[in-house]
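Note: the block below is start-v6.txt and it holds compact mmCIF, C-alpha atoms.
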# COMPACT_ATOMS: atom_id res chain seq x y z
CA MET P 300 -30.00 21.37 48.79
CA ASN P 301 -28.41 19.14 51.44
CA ASP P 302 -27.80 15.42 51.26
CA GLN P 303 -26.35 13.74 54.35
CA THR P 304 -24.39 10.54 53.77
CA ALA P 305 -22.46 8.38 56.20
CA SER P 306 -19.12 9.88 55.22
CA ALA P 307 -19.71 13.43 54.00
CA LEU P 308 -22.06 16.34 53.67
CA TRP P 309 -22.80 17.55 50.15
CA ARG P 310 -24.37 20.86 49.40
CA PHE P 311 -24.90 23.11 46.42
CA VAL P 312 -23.97 26.78 46.80
CA GLN P 313 -25.50 29.12 44.25
CA ASP P 314 -23.01 31.34 42.40
CA ASP P 315 -23.57 34.91 41.31
CA ASP P 316 -24.30 33.48 37.88
CA PRO P 317 -27.66 31.70 38.33
CA ARG P 318 -26.65 29.11 35.71
CA THR P 319 -23.61 28.01 37.74
CA VAL P 320 -23.49 26.21 41.08
CA THR P 321 -20.67 25.13 43.35
CA LEU P 322 -20.72 21.70 44.96
CA VAL P 323 -19.09 21.72 48.40
CA VAL P 324 -18.10 18.37 49.87
CA ASP P 325 -17.32 18.46 53.60
CA THR P 326 -14.88 15.66 54.38
CA PRO P 327 -12.68 14.79 57.40
CA ASN P 328 -9.78 16.37 55.48
CA GLY P 329 -11.63 19.63 54.93
CA PRO P 330 -14.01 20.93 52.27
CA TYR P 331 -13.63 19.92 48.65
CA VAL P 332 -15.07 22.46 46.23
CA ARG P 333 -16.15 21.70 42.68
CA ARG P 334 -17.59 24.42 40.49
CA ILE P 335 -20.25 23.11 38.11
CA PRO P 336 -20.44 25.48 35.12
CA PRO P 337 -23.51 25.83 32.94
CA ALA P 338 -24.00 23.57 29.95
CA LEU P 339 -22.19 24.53 26.77
CA PRO P 340 -23.92 27.36 24.90
CA LEU P 341 -26.27 26.48 22.08
CA PRO P 342 -24.88 26.96 18.57
CA SER P 343 -25.85 30.27 17.01
CA GLY P 344 -28.37 30.35 14.21
CA VAL P 345 -29.92 26.99 15.14
CA GLU P 346 -33.39 26.48 16.60
CA HIS P 347 -33.46 25.63 20.30
CA GLY P 348 -34.40 21.95 19.97
CA PRO P 349 -31.86 20.95 17.29
CA GLY P 350 -29.35 23.29 18.95
CA ALA P 351 -29.64 21.38 22.23
CA GLU P 352 -28.98 18.13 20.36
CA GLU P 353 -25.90 19.63 18.69
CA ALA P 354 -24.59 21.00 21.99
CA ALA P 355 -24.97 17.59 23.66
CA HIS P 356 -23.12 16.04 20.72
CA THR P 357 -20.34 18.64 21.00
CA ALA P 358 -19.78 17.97 24.71
CA ALA P 359 -19.56 14.21 24.19
CA ALA P 360 -17.27 14.56 21.17
CA ALA P 361 -14.92 17.12 22.72
CA TRP P 362 -14.50 15.53 26.17
CA GLY P 363 -15.05 11.97 25.00
CA MET P 364 -14.23 11.32 21.34
CA PRO P 365 -16.15 12.05 18.13
CA ASP P 366 -15.80 8.40 17.14
CA PHE P 367 -18.23 7.31 19.86
CA VAL P 368 -20.98 9.87 19.13
CA PHE P 369 -23.44 9.10 16.32
CA GLN P 370 -25.92 11.25 14.49
CA PRO P 371 -29.50 10.00 14.20
CA ALA P 372 -30.36 7.54 11.48
CA TYR P 373 -33.76 6.98 9.91
CA ALA P 374 -35.85 3.89 9.34
CA ALA P 375 -38.83 3.45 7.06
CA LYS P 376 -42.21 3.66 8.80
CA GLY P 377 -45.22 3.21 6.59
CA SER P 378 -45.08 5.85 3.89
CA GLY P 379 -42.68 8.02 5.95
CA ARG P 380 -39.58 7.54 8.02
CA ARG P 381 -38.70 7.33 11.70
CA GLU P 382 -35.73 8.95 13.44
CA LEU P 383 -33.61 6.49 15.44
CA GLY P 384 -32.67 8.59 18.45
CA ASP P 385 -31.57 12.21 18.67
CA ARG P 386 -28.00 11.06 19.30
CA LEU P 387 -26.35 7.74 20.11
CA LEU P 388 -23.27 6.83 22.13
CA LEU P 389 -21.68 3.62 20.91
CA THR P 390 -18.61 1.76 22.12
CA ALA P 391 -17.72 -1.80 21.25
CA HIS P 392 -20.49 -3.47 23.27
CA ARG P 393 -22.59 -0.76 24.93
CA GLY P 394 -24.86 1.88 23.52
CA ALA P 395 -27.00 4.77 24.75
CA ILE P 396 -30.07 6.12 22.97
CA VAL P 397 -30.07 9.82 23.86
CA GLN P 398 -33.39 11.67 23.56
CA VAL P 399 -32.96 15.42 23.99
CA LYS P 400 -35.97 17.50 25.00
CA ALA P 401 -35.72 21.29 25.20
CA ARG P 402 -38.03 23.78 26.93
CA THR P 403 -38.49 26.29 24.13
CA ILE P 404 -41.02 28.60 25.82
CA ALA P 405 -40.91 30.60 29.03
CA PRO P 406 -41.29 28.32 32.06
CA LYS P 407 -44.63 28.25 33.85
CA VAL P 408 -45.33 27.72 37.54
CA ALA P 409 -43.50 24.81 39.15
CA VAL P 410 -46.41 22.37 39.17
CA GLU P 411 -47.02 22.88 35.43
CA GLU P 412 -43.31 22.60 34.64
CA ILE P 413 -43.07 19.31 36.51
CA ALA P 414 -46.10 18.00 34.63
CA TRP P 415 -44.47 18.97 31.33
CA ILE P 416 -41.21 17.27 32.34
CA GLN P 417 -43.05 14.06 33.20
CA LYS P 418 -44.83 14.15 29.86
CA VAL P 419 -41.67 14.60 27.77
CA ALA P 420 -39.72 12.10 29.89
CA ALA P 421 -42.31 9.42 29.20
CA LYS P 422 -42.25 10.29 25.50
CA ALA P 423 -38.45 10.18 25.40
CA MET P 424 -38.35 6.72 26.96
CA ARG P 425 -40.97 5.37 24.55
CA GLN P 426 -38.94 6.73 21.66
CA ALA P 427 -35.74 5.16 22.99
CA LYS P 428 -37.46 1.80 23.41
CA GLY P 429 -38.75 2.01 19.85
CA THR P 430 -35.28 2.83 18.54
CA VAL P 431 -33.74 -0.22 20.20
CA ARG P 432 -36.55 -2.43 18.96
CA GLN P 433 -36.05 -1.15 15.41
CA LEU P 434 -32.27 -1.62 15.53
CA ARG P 435 -32.72 -5.18 16.74
CA LEU P 436 -35.04 -5.92 13.84
CA HIS P 437 -32.99 -4.18 11.17
CA SER P 438 -29.44 -2.89 11.40
CA ALA P 439 -28.91 0.73 10.34
CA ASP P 440 -25.99 2.64 8.87
CA MET P 441 -25.03 5.41 11.26
CA VAL P 442 -22.53 8.25 10.92
CA ASN P 443 -20.24 9.22 13.78
CA GLY P 444 -18.56 12.50 14.60
CA ARG P 445 -15.75 11.72 12.14
CA ASP P 446 -18.28 11.35 9.30
CA ARG P 447 -17.59 7.62 9.19
CA THR P 448 -20.38 5.12 8.65
CA LEU P 449 -20.87 1.99 10.73
CA ALA P 450 -23.55 -0.67 10.37
CA VAL P 451 -25.23 -0.88 13.78
CA ASP P 452 -26.91 -4.15 14.71
CA GLY P 453 -28.96 -3.55 17.84
CA ASN P 454 -28.50 -7.14 18.98
CA ALA P 455 -24.75 -6.58 19.44
CA TYR P 456 -25.16 -3.96 22.17
CA GLU P 457 -26.28 -3.60 25.75
CA TRP P 458 -28.54 -0.54 25.66
CA ILE P 459 -29.51 2.27 27.99
CA ALA P 460 -32.07 5.04 27.38
CA VAL P 461 -31.06 8.59 28.34
CA PHE P 462 -33.60 11.39 28.67
CA LEU P 463 -31.61 14.61 28.36
CA LEU P 464 -33.43 17.77 29.41
CA ASP P 465 -32.40 21.23 28.24
CA HIS P 466 -34.13 23.56 30.70
CA ASP P 467 -32.69 26.67 32.37
CA GLN P 468 -35.14 26.68 35.29
CA VAL P 469 -35.87 23.13 36.40
CA PRO P 470 -38.12 23.28 39.48
CA ALA P 471 -36.41 22.32 42.72
CA ASP P 472 -36.56 18.60 43.53
CA ALA P 473 -38.20 17.74 40.18
CA VAL P 474 -37.79 14.01 39.55
CA ALA P 475 -38.51 12.58 36.11
CA ALA P 476 -40.62 9.41 36.11
CA TRP P 477 -41.75 6.94 33.45
CA GLU P 478 -43.17 3.48 33.08
CA PRO P 479 -40.53 0.70 32.86
CA ILE P 480 -39.36 0.18 29.27
CA GLY P 481 -37.56 -3.13 29.64
CA MET P 482 -34.02 -1.72 29.69
CA PRO P 483 -31.96 0.60 31.90
CA ALA P 484 -32.95 4.26 31.72
CA VAL P 485 -31.80 7.48 33.35
CA ALA P 486 -32.71 11.19 33.21
CA LEU P 487 -30.20 14.06 33.20
CA THR P 488 -30.11 17.76 32.57
CA ARG P 489 -27.76 18.96 29.87
CA ARG P 490 -25.57 20.49 32.58
CA ASP P 491 -25.35 17.05 34.22
CA TRP P 492 -24.36 15.56 30.85
CA ASP P 493 -21.59 18.12 30.33
CA PHE P 494 -20.38 17.64 33.91
CA LEU P 495 -19.97 13.89 33.46
CA PHE P 496 -18.02 14.19 30.22
CA ASN P 497 -15.84 16.99 31.54
CA GLN P 498 -15.21 15.11 34.78
CA LEU P 499 -14.37 11.73 33.26
CA ARG P 500 -13.05 12.55 29.74
CA SER P 501 -13.99 9.04 28.59
CA THR P 502 -17.07 7.82 26.75
CA THR P 503 -16.81 4.29 28.14
CA ALA P 504 -16.50 5.71 31.68
CA VAL P 505 -19.59 7.87 31.15
CA LEU P 506 -21.54 4.90 29.80
CA ASP P 507 -20.45 2.78 32.76
CA TYR P 508 -21.60 5.57 35.07
CA LEU P 509 -25.00 5.86 33.36
CA PHE P 510 -25.64 2.12 33.69
CA ARG P 511 -24.63 2.31 37.35
CA ALA P 512 -26.90 5.30 37.97
CA ALA P 513 -29.81 3.54 36.26
CA ASP P 514 -29.66 0.84 38.96
CA GLU P 515 -30.24 3.46 41.65
CA PRO P 516 -33.47 5.24 42.68
CA PRO P 517 -34.17 8.39 40.60
CA ILE P 518 -32.86 11.69 41.93
CA PRO P 519 -33.88 15.31 41.29
CA LEU P 520 -32.88 16.63 37.89
CA GLY P 521 -29.69 18.63 38.18
CA ASP P 522 -28.33 16.65 41.14
CA GLU P 523 -26.16 14.29 39.10
CA PRO P 524 -22.88 15.81 40.42
CA VAL P 525 -24.03 14.88 43.93
CA ARG P 526 -24.65 11.27 42.92
CA HIS P 527 -21.29 11.16 41.14
CA TYR P 528 -19.45 12.22 44.30
CA GLU P 529 -21.41 9.74 46.40
CA PHE P 530 -20.30 6.99 44.02
CA ALA P 531 -16.73 8.33 44.07
CA ALA P 532 -16.69 8.33 47.89
CA ALA P 533 -17.95 4.75 47.95
CA ASP P 534 -15.34 3.71 45.38
CA SER P 535 -12.52 5.27 47.38
CA GLU P 536 -13.49 3.16 50.41
CA ALA P 537 -14.04 -0.09 48.51
CA PRO P 538 -11.36 -2.78 49.04
CA PRO P 539 -9.33 -3.76 45.96
CA ALA P 540 -10.43 -6.78 43.97
CA ASP P 541 -8.73 -10.07 44.81
CA ILE P 542 -7.13 -11.18 41.55
CA ASP P 543 -4.17 -13.37 40.65
CA THR P 544 -1.44 -10.93 39.58
CA GLU P 545 0.55 -13.76 38.00
CA LEU P 546 -2.01 -13.97 35.20
CA VAL P 547 -0.38 -11.00 33.48
CA GLY P 548 3.06 -12.57 33.88
CA PRO P 549 5.73 -13.21 36.50
CA GLY P 550 6.13 -10.30 38.88
CA GLY P 551 2.70 -8.83 38.25
CA ILE P 552 1.63 -6.11 40.70
CA LEU P 553 -1.90 -5.40 41.88
CA TYR P 554 -2.83 -1.79 41.23
CA SER P 555 -6.23 -0.57 42.35
CA THR P 556 -7.90 2.73 41.53
CA PRO P 557 -11.47 3.95 42.19
CA LEU P 558 -13.82 3.53 39.23
CA LEU P 559 -14.79 7.18 39.66
CA PRO P 560 -12.23 9.81 40.70
CA GLN P 561 -13.24 12.65 43.00
CA ALA P 562 -11.02 15.13 41.16
CA PRO P 563 -11.67 15.74 37.45
CA VAL P 564 -9.41 13.86 35.06
CA GLY P 565 -6.41 16.07 34.39
CA ALA P 566 -6.73 18.01 37.64
CA GLY P 567 -3.04 17.39 38.32
CA GLY P 568 -2.22 20.11 35.82
CA THR P 569 0.50 18.15 33.99
CA HIS P 570 -1.53 17.44 30.85
CA ALA P 571 -0.05 13.91 30.96
CA HIS P 572 -3.58 12.48 30.83
CA LEU P 573 -3.80 13.83 27.27
CA VAL P 574 -1.16 11.35 26.10
CA ILE P 575 -3.76 8.57 25.98
CA ARG P 576 -6.15 10.85 24.06
CA PHE P 577 -3.38 11.75 21.59
CA VAL P 578 -2.61 8.06 21.05
CA MET P 579 -6.28 7.40 20.33
CA GLU P 580 -6.34 10.36 17.95
CA ASP P 581 -3.34 8.85 16.12
CA ILE P 582 -5.24 5.59 15.70
CA THR P 583 -8.46 7.20 14.53
CA THR P 584 -6.75 9.52 12.03
CA SER P 585 -4.60 6.79 10.47
CA PRO P 586 -5.70 4.91 7.34
CA LEU P 587 -7.25 1.54 8.00
CA PRO P 588 -5.35 -1.51 6.72
CA ALA P 589 -7.01 -3.36 3.87
CA HIS P 590 -8.33 -6.17 6.08
CA ALA P 591 -9.87 -3.89 8.74
CA SER P 592 -13.22 -2.10 9.03
CA GLU P 593 -14.56 0.88 10.93
CA GLU P 594 -16.09 -1.59 13.37
CA ASP P 595 -12.55 -2.85 14.06
CA ARG P 596 -11.36 0.69 14.67
CA LEU P 597 -14.21 1.28 17.12
CA ALA P 598 -13.26 -1.92 18.97
CA VAL P 599 -9.65 -0.75 19.34
CA LEU P 600 -10.65 2.71 20.53
CA SER P 601 -13.10 1.16 23.00
CA ASP P 602 -10.38 -1.10 24.41
CA LEU P 603 -8.03 1.85 24.94
CA ASP P 604 -10.82 4.04 26.31
CA ARG P 605 -11.38 1.47 29.04
CA LEU P 606 -8.07 2.38 30.65
CA PRO P 607 -9.29 3.50 34.11
CA VAL P 608 -9.72 7.27 34.18
CA GLY P 609 -8.15 7.49 37.62
CA ILE P 610 -4.73 6.34 36.34
CA ARG P 611 -4.60 7.99 32.92
CA GLU P 612 -2.37 10.78 34.12
CA ALA P 613 0.08 8.30 35.65
CA TRP P 614 0.09 6.17 32.51
CA GLY P 615 0.56 9.21 30.32
CA GLN P 616 3.55 10.36 32.36
CA LEU P 617 4.99 6.85 32.30
CA LEU P 618 4.80 6.77 28.51
CA LEU P 619 6.49 10.15 28.24
CA ASP P 620 9.27 8.94 30.55
CA MET P 621 9.65 5.69 28.59
CA LEU P 622 9.76 7.59 25.31
CA ASP P 623 12.50 9.86 26.62
CA ASP P 624 14.44 6.91 28.02
CA VAL P 625 14.61 4.91 24.78
CA LYS P 626 16.35 7.82 23.07
CA GLN P 627 19.33 7.56 25.41
CA VAL P 628 21.30 4.91 23.51
CA PRO P 629 24.37 4.93 21.27
CA ASP P 630 23.82 5.31 17.52
CA GLY P 631 22.87 2.04 15.89
CA ASP P 632 21.51 0.50 19.10
CA ILE P 633 17.88 0.02 20.05
CA LYS P 634 16.21 0.05 23.42
CA TRP P 635 12.72 -1.16 24.37
CA ARG P 636 10.50 -0.29 27.31
CA PHE P 637 7.28 -2.17 28.10
CA ARG P 638 4.32 -2.01 30.45
CA ARG P 639 1.35 -4.37 30.51
CA GLN P 640 -2.02 -4.20 32.19
CA LEU P 641 -4.62 -6.93 32.59
CA ASN P 642 -8.03 -5.76 33.76
CA ALA P 643 -9.74 -7.25 36.79
CA ASP P 644 -11.84 -9.82 34.93
CA ALA P 645 -8.87 -10.88 32.76
CA SER P 646 -10.71 -10.09 29.53
CA ARG P 647 -8.53 -7.26 28.23
CA LEU P 648 -4.74 -7.08 28.07
CA THR P 649 -3.26 -3.67 27.22
CA LEU P 650 0.39 -3.44 26.20
CA PHE P 651 2.32 -0.20 25.87
CA ALA P 652 5.84 -0.12 24.47
CA CYS P 653 8.41 2.44 23.41
CA ALA P 654 11.38 1.77 21.15
CA THR P 655 14.32 3.87 19.97
CA HIS P 656 13.25 4.06 16.34
CA PHE P 657 10.73 2.63 13.91
CA ASP P 658 11.34 0.44 10.88
CA ALA P 659 9.95 -2.77 9.41
CA ASP P 660 12.01 -4.94 11.77
CA VAL P 661 10.79 -3.05 14.84
CA ARG P 662 7.22 -3.33 13.64
CA ALA P 663 7.54 -7.09 13.12
CA ALA P 664 9.24 -7.52 16.49
CA PHE P 665 6.49 -5.66 18.29
CA GLY P 666 3.85 -7.73 16.49
CA SER P 667 5.53 -10.88 17.74
CA TYR P 668 5.60 -9.47 21.28
CA VAL P 669 1.85 -8.75 21.25
CA GLN P 670 1.02 -12.20 19.87
CA LEU P 671 3.23 -13.94 22.42
CA ARG P 672 1.81 -12.08 25.42
CA HIS P 673 -1.72 -12.73 24.20
CA HIS P 674 -0.92 -16.43 23.80
CA GLU P 675 0.59 -16.63 27.30
CA VAL P 676 -2.19 -14.79 29.13
CA ALA P 677 -4.88 -16.76 27.28
CA GLY P 678 -3.20 -19.95 28.46
CA ARG P 679 -2.92 -18.76 32.07
CA THR P 680 -6.54 -17.64 32.31
CA GLY P 681 -7.94 -20.63 30.48
CA CYS P 682 -10.41 -18.31 28.72
CA PRO P 683 -8.91 -17.56 25.30
CA ASP P 684 -12.27 -16.91 23.63
CA GLY P 685 -12.93 -13.77 25.63
CA LEU P 686 -9.46 -12.21 25.70
CA ALA P 687 -8.68 -9.10 23.66
CA THR P 688 -5.12 -7.79 23.52
CA VAL P 689 -4.22 -4.32 22.27
CA GLY P 690 -0.62 -3.29 21.84
CA VAL P 691 0.49 0.31 21.30
CA LEU P 692 4.07 1.14 20.30
CA LEU P 693 5.41 4.69 20.49
CA THR P 694 8.65 5.58 18.72
CA PRO P 695 10.32 9.00 18.71
CA ASN P 696 9.65 11.15 15.68
CA TYR P 697 12.80 13.10 14.90
CA SER P 698 11.29 15.35 12.25
CA GLY P 699 10.21 17.95 14.79
CA ARG P 700 6.63 17.92 13.49
CA ARG P 701 5.31 15.59 16.22
CA PRO P 702 6.81 13.98 19.32
CA TRP P 703 6.17 10.33 18.42
CA ASP P 704 4.76 7.88 15.91
CA THR P 705 2.14 5.34 16.92
CA THR P 706 1.88 1.71 15.84
CA MET P 707 -0.99 -0.52 16.97
CA PHE P 708 -1.71 -4.26 16.98
CA ARG P 709 -4.84 -5.99 18.23
CA THR P 710 -5.63 -9.67 18.53
CA TYR P 711 -8.70 -11.37 19.91
CA GLY P 712 -9.71 -14.88 20.92
CA PRO P 713 -7.70 -18.10 20.74
CA SER P 714 -4.05 -17.78 19.76
CA ASP P 715 -3.08 -19.10 16.33
CA LEU P 716 0.65 -19.28 17.04
CA SER P 717 2.36 -22.54 16.15
CA ASP P 718 4.64 -24.29 18.62
CA ASP P 719 7.65 -23.20 16.59
CA GLU P 720 6.50 -19.55 16.65
CA VAL P 721 5.94 -19.68 20.40
CA ALA P 722 9.44 -21.09 20.89
CA THR P 723 11.00 -18.47 18.60
CA PHE P 724 9.15 -15.52 20.12
CA SER P 725 9.83 -16.75 23.66
CA GLY P 726 13.51 -16.96 22.86
CA VAL P 727 13.46 -13.29 21.93
CA TRP P 728 11.12 -11.79 24.51
CA ASN P 729 11.31 -14.02 27.57
CA ARG P 730 14.93 -13.33 28.33
CA ARG P 731 15.23 -11.28 31.52
CA LEU P 732 15.80 -7.97 29.80
CA GLU P 733 16.64 -5.01 31.99
CA THR P 734 13.91 -2.96 30.27
CA ASP P 735 11.05 -5.49 30.44
Have the structure of the file written as structure tokens, please.
Amino acid sequence: MNDQTASALWRFVQDDDPRTVTLVVDTPNGPYVRRIPPALPLPSGVEHGPGAEEAAHTAAAAWGMPDFVFQPAYAAKGSGRRELGDRLLLTAHRGAIVQVKARTIAPKVAVEEIAWIQKVAAKAMRQAKGTVRQLRLHSADMVNGRDRTLAVDGNAYEWIAVFLLDHDQVPADAVAAWEPIGMPAVALTRRDWDFLFNQLRSTTAVLDYLFRAADEPPIPLGDEPVRHYEFAAADSEAPPADIDTELVGPGGILYSTPLLPQAPVGAGGTHAHLVIRFVMEDITTSPLPAHASEEDRLAVLSDLDRLPVGIREAWGQLLLDMLDDVKQVPDGDIKWRFRRQLNADASRLTLFACATHFDADVRAAFGSYVQLRHHEVAGRTGCPDGLATVGVLLTPNYSGRRPWDTTMFRTYGPSDLSDDEVATFSGVWNRRLETD
């Protein structure tokens, strides 16, 4: 299959393994080769249909996070019950209803296979529409990949329907079609699904991609890697956004990265991109404070998962360097290192810090830092209602069992600091420290 664009030529090259293809991108700098492996194998001892659902869940949980992948729930329907989606992806404000359809018999001739695909695609989209309608009428308790239950109110989410096809021999150029269902919708093969999660390693990035793809004309099933690289090429040529860098604070620097990277996340081989994942794992495996809920935990994880995938490796390496640096102080002293990032629409402030050790005083000091920076940025933007600030503090763990300990603070909306607190915190943190 060939697809000529203005900037590159994309083509699939069939491997010796018929389930695997290689995507070759001819660019002015030479060919870029990306091997697209088959979808993850189905779990043994499970029927094909449920096995395909489990395999899709596994891919999203392993390369995204289990916290964002939800098992189906059930709603009463007459004298029976109705399944609410085969699987759901949920972040803080976006959700995907995933309907998995598997070809469980030997494929027929191409024209009959395409007819079957159209039939199940239409059914999948009707089911997804019904699930969203039901969730908007009545919230449902749903269980994520950590076996934690969240109450899901359909009115709190922007939804997309995903038809996910498990089929080893999709006819060439088969395009799934359906009647409009009143919300974004997209069709993928299970190999496409696995590719996106393996490429991006972020559930929020995959959801953003799916919404973006849903705005485009449909493409042949199995060609999602091609569309991804077309988007990535367009992103690499897009000019950076024009934003006021002083909103984050004096000396702010504009840093722009493509929404979609051409190389898979982690391709640098340093494993530094895993630092962000490990931090998120620390947060999700820690006990919740008494005042917090699982919905609060999901909001925090969603905020951190929005760190652009193209800079995760750089941020991870920066945190490792900061963590090593704060250890280099005389006994009894403490050193801090900070980095802040405000996203392009000034709605999310992310603060990372490292300190020499952890105790109650350090914890309180970091809490004051997060509150102060939130207060300042909210004042500069003039939009306190929509600002969320997440602060993550890493401190060396000297036990040898783990490299660091993680402390997290999150605040949202208008600041509740008094004038006296602002003055006190500013006196501590707004001195021109060498490490800030």
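Take atom CA of Pro524 of chain P and atom CA of Phe494 of chain P: the distance between them is 7.2 Å.
Going from atom CA of Ala475 of chain P to atom CA of Ala512 of chain P covers 13.8 Å.
Around segment 650-667 of chain P, within 7 Å and counting all atoms listed in the file, the residues found are P:Met621, P:Leu622, P:Val625, P:Lys626, P:Ile633, P:Lys634, P:Trp635, P:Arg636, P:Phe637, P:Arg638, P:Arg639, P:Gln640, P:Val689, P:Gly690, P:Val691, P:Leu692, P:Leu693, P:Thr694, P:Pro695, P:Phe708, P:Phe724, once anything fewer than 6 positions away on its own chain is removed.
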For those residues, write C-alpha atoms to a file as a CSV table (one decimal), in the coordinates of the input.
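Wrote selection10.csv, looks like this:
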chain,number,residue,atom,x,y,z
P,621,MET,CA,9.6,5.7,28.6
P,622,LEU,CA,9.8,7.6,25.3
P,625,VAL,CA,14.6,4.9,24.8
P,626,LYS,CA,16.4,7.8,23.1
P,633,ILE,CA,17.9,0.0,20.0
P,634,LYS,CA,16.2,0.0,23.4
P,635,TRP,CA,12.7,-1.2,24.4
P,636,ARG,CA,10.5,-0.3,27.3
P,637,PHE,CA,7.3,-2.2,28.1
P,638,ARG,CA,4.3,-2.0,30.4
P,639,ARG,CA,1.4,-4.4,30.5
P,640,GLN,CA,-2.0,-4.2,32.2
P,689,VAL,CA,-4.2,-4.3,22.3
P,690,GLY,CA,-0.6,-3.3,21.8
P,691,VAL,CA,0.5,0.3,21.3
P,692,LEU,CA,4.1,1.1,20.3
P,693,LEU,CA,5.4,4.7,20.5
P,694,THR,CA,8.6,5.6,18.7
P,695,PRO,CA,10.3,9.0,18.7
P,708,PHE,CA,-1.7,-4.3,17.0
P,724,PHE,CA,9.2,-15.5,20.1
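For the atom pair formed by atom CA of Asp719 of chain P and atom CA of His674 of chain P, the distance is 13.1 Å, given to one decimal.
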- Non-local contacts of Lys428 of chain P (8 Å; only C-alpha atoms; under 2 positions in same chain excluded) as a PyMOL selection string: chain P and resi 424-426+430-432+460+480-482
Output file for the residues above (C-alpha atoms, as a compact mmCIF listing (two decimals), in the coordinates of the input):
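result.txt was written with the following content:
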# COMPACT_ATOMS: atom_id res chain seq x y z
CA MET P 424 -38.35 6.72 26.96
CA ARG P 425 -40.97 5.37 24.55
CA GLN P 426 -38.94 6.73 21.66
CA THR P 430 -35.28 2.83 18.54
CA VAL P 431 -33.74 -0.22 20.20
CA ARG P 432 -36.55 -2.43 18.96
CA ALA P 460 -32.07 5.04 27.38
CA ILE P 480 -39.36 0.18 29.27
CA GLY P 481 -37.56 -3.13 29.64
CA MET P 482 -34.02 -1.72 29.69
- Note on the structure: One residue among P:Arg386, P:His466, P:Arg679, P:Arg605 is nearest to Ala401 of chain P when using all atoms listed in the file, and that residue is P:His466
Give the centre and edge lengths of an axis-aligned box, in Å to one decimal, that holds all listed atoms of segment 624-633 of chain P with 5 Å on each side, as lines of an AutoDock Vina configuration file.
center_x = 19.4
center_y = 3.9
center_z = 22.0
size_x = 19.9
size_y = 17.8
size_z = 22.1
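Of the residues listed (P:Asp440, P:Asp595, P:Asp602, P:Glu612), P:Glu612 shows the shortest atom-to-atom separation from Gly565 of chain P; distances use all atoms listed in the file.
The list of residues with at least one atom within 9 Å of His527 of chain P, based on all atoms listed in the file and without residues fewer than 6 positions apart in the same chain, reads Leu495, Tyr508, Ala512, Leu559 and Gln561 of chain P.
Distance annotation: of P:Ile542, P:Ala537, P:Val608, P:Ala455, the residue with the minimal separation from Ala566 of chain P is P:Val608; atom set is all atoms listed in the file.
Among the candidates P:Ala540, P:Leu383, P:Val564, P:Leu603, the one nearest to Glu580 of chain P when counting all atoms listed in the file is P:Leu603.
When the distance limit is 10 Å and all atoms listed in the file are what count, the residues near Gly551 of chain P, minus those fewer than 4 positions from it on the same chain, are Asp543, Thr544, Glu545, Leu546, Val547, Arg639, Gln640 and Leu641 of chain P.
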- Message: I want to know what sits within 10 Å of Gly453 of chain P, based on all atoms listed in the file, with residues of the same chain fewer than 2 positions away left out; could you give that as a PyMOL selection string?
- Response: chain P and resi 393-394+430-439+450-451+455-458
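Taking only C-alpha atoms into account, Ser501 of chain P lies nearest to P:Asp604 out of the set P:Asp604, P:Glu353, P:Glu593, P:Asp534.
With all atoms listed in the file as the basis for measurement, P:Asp493 is the residue among P:Asp514, P:Glu346, P:Asp467, P:Asp493 that approaches Ala361 of chain P most closely.
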Requested file, segment 440-446 of chain P restricted to N, CA, C and O atoms, as a PDB file, in the first residue's frame:
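That gives us decode_17.pdb:
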ATOM      1  N   ASP P 440     -21.144   2.220  38.850  1.00  0.00           N
ATOM      2  CA  ASP P 440     -19.886   1.883  39.511  1.00  0.00           C
ATOM      3  C   ASP P 440     -19.077   0.987  38.575  1.00  0.00           C
ATOM      4  O   ASP P 440     -19.562  -0.065  38.145  1.00  0.00           O
ATOM      5  N   MET P 441     -17.862   1.406  38.293  1.00  0.00           N
ATOM      6  CA  MET P 441     -17.007   0.642  37.385  1.00  0.00           C
ATOM      7  C   MET P 441     -15.679   0.328  38.051  1.00  0.00           C
ATOM      8  O   MET P 441     -15.182   1.109  38.869  1.00  0.00           O
ATOM      9  N   VAL P 442     -15.108  -0.805  37.672  1.00  0.00           N
ATOM     10  CA  VAL P 442     -13.885  -1.306  38.302  1.00  0.00           C
ATOM     11  C   VAL P 442     -12.733  -1.198  37.312  1.00  0.00           C
ATOM     12  O   VAL P 442     -12.833  -1.669  36.172  1.00  0.00           O
ATOM     13  N   ASN P 443     -11.633  -0.577  37.748  1.00  0.00           N
ATOM     14  CA  ASN P 443     -10.494  -0.417  36.849  1.00  0.00           C
ATOM     15  C   ASN P 443      -9.503  -1.565  37.003  1.00  0.00           C
ATOM     16  O   ASN P 443      -9.743  -2.529  37.738  1.00  0.00           O
ATOM     17  N   GLY P 444      -8.388  -1.454  36.306  1.00  0.00           N
ATOM     18  CA  GLY P 444      -7.412  -2.521  36.297  1.00  0.00           C
ATOM     19  C   GLY P 444      -6.691  -2.731  37.608  1.00  0.00           C
ATOM     20  O   GLY P 444      -5.920  -3.687  37.743  1.00  0.00           O
ATOM     21  N   ARG P 445      -6.914  -1.858  38.580  1.00  0.00           N
ATOM     22  CA  ARG P 445      -6.378  -2.041  39.933  1.00  0.00           C
ATOM     23  C   ARG P 445      -7.432  -2.621  40.876  1.00  0.00           C
ATOM     24  O   ARG P 445      -7.227  -2.654  42.078  1.00  0.00           O
ATOM     25  N   ASP P 446      -8.577  -3.017  40.307  1.00  0.00           N
ATOM     26  CA  ASP P 446      -9.697  -3.509  41.117  1.00  0.00           C
ATOM     27  C   ASP P 446     -10.235  -2.440  42.054  1.00  0.00           C
ATOM     28  O   ASP P 446     -10.707  -2.737  43.155  1.00  0.00           O
TER      29      ASP P 446
END
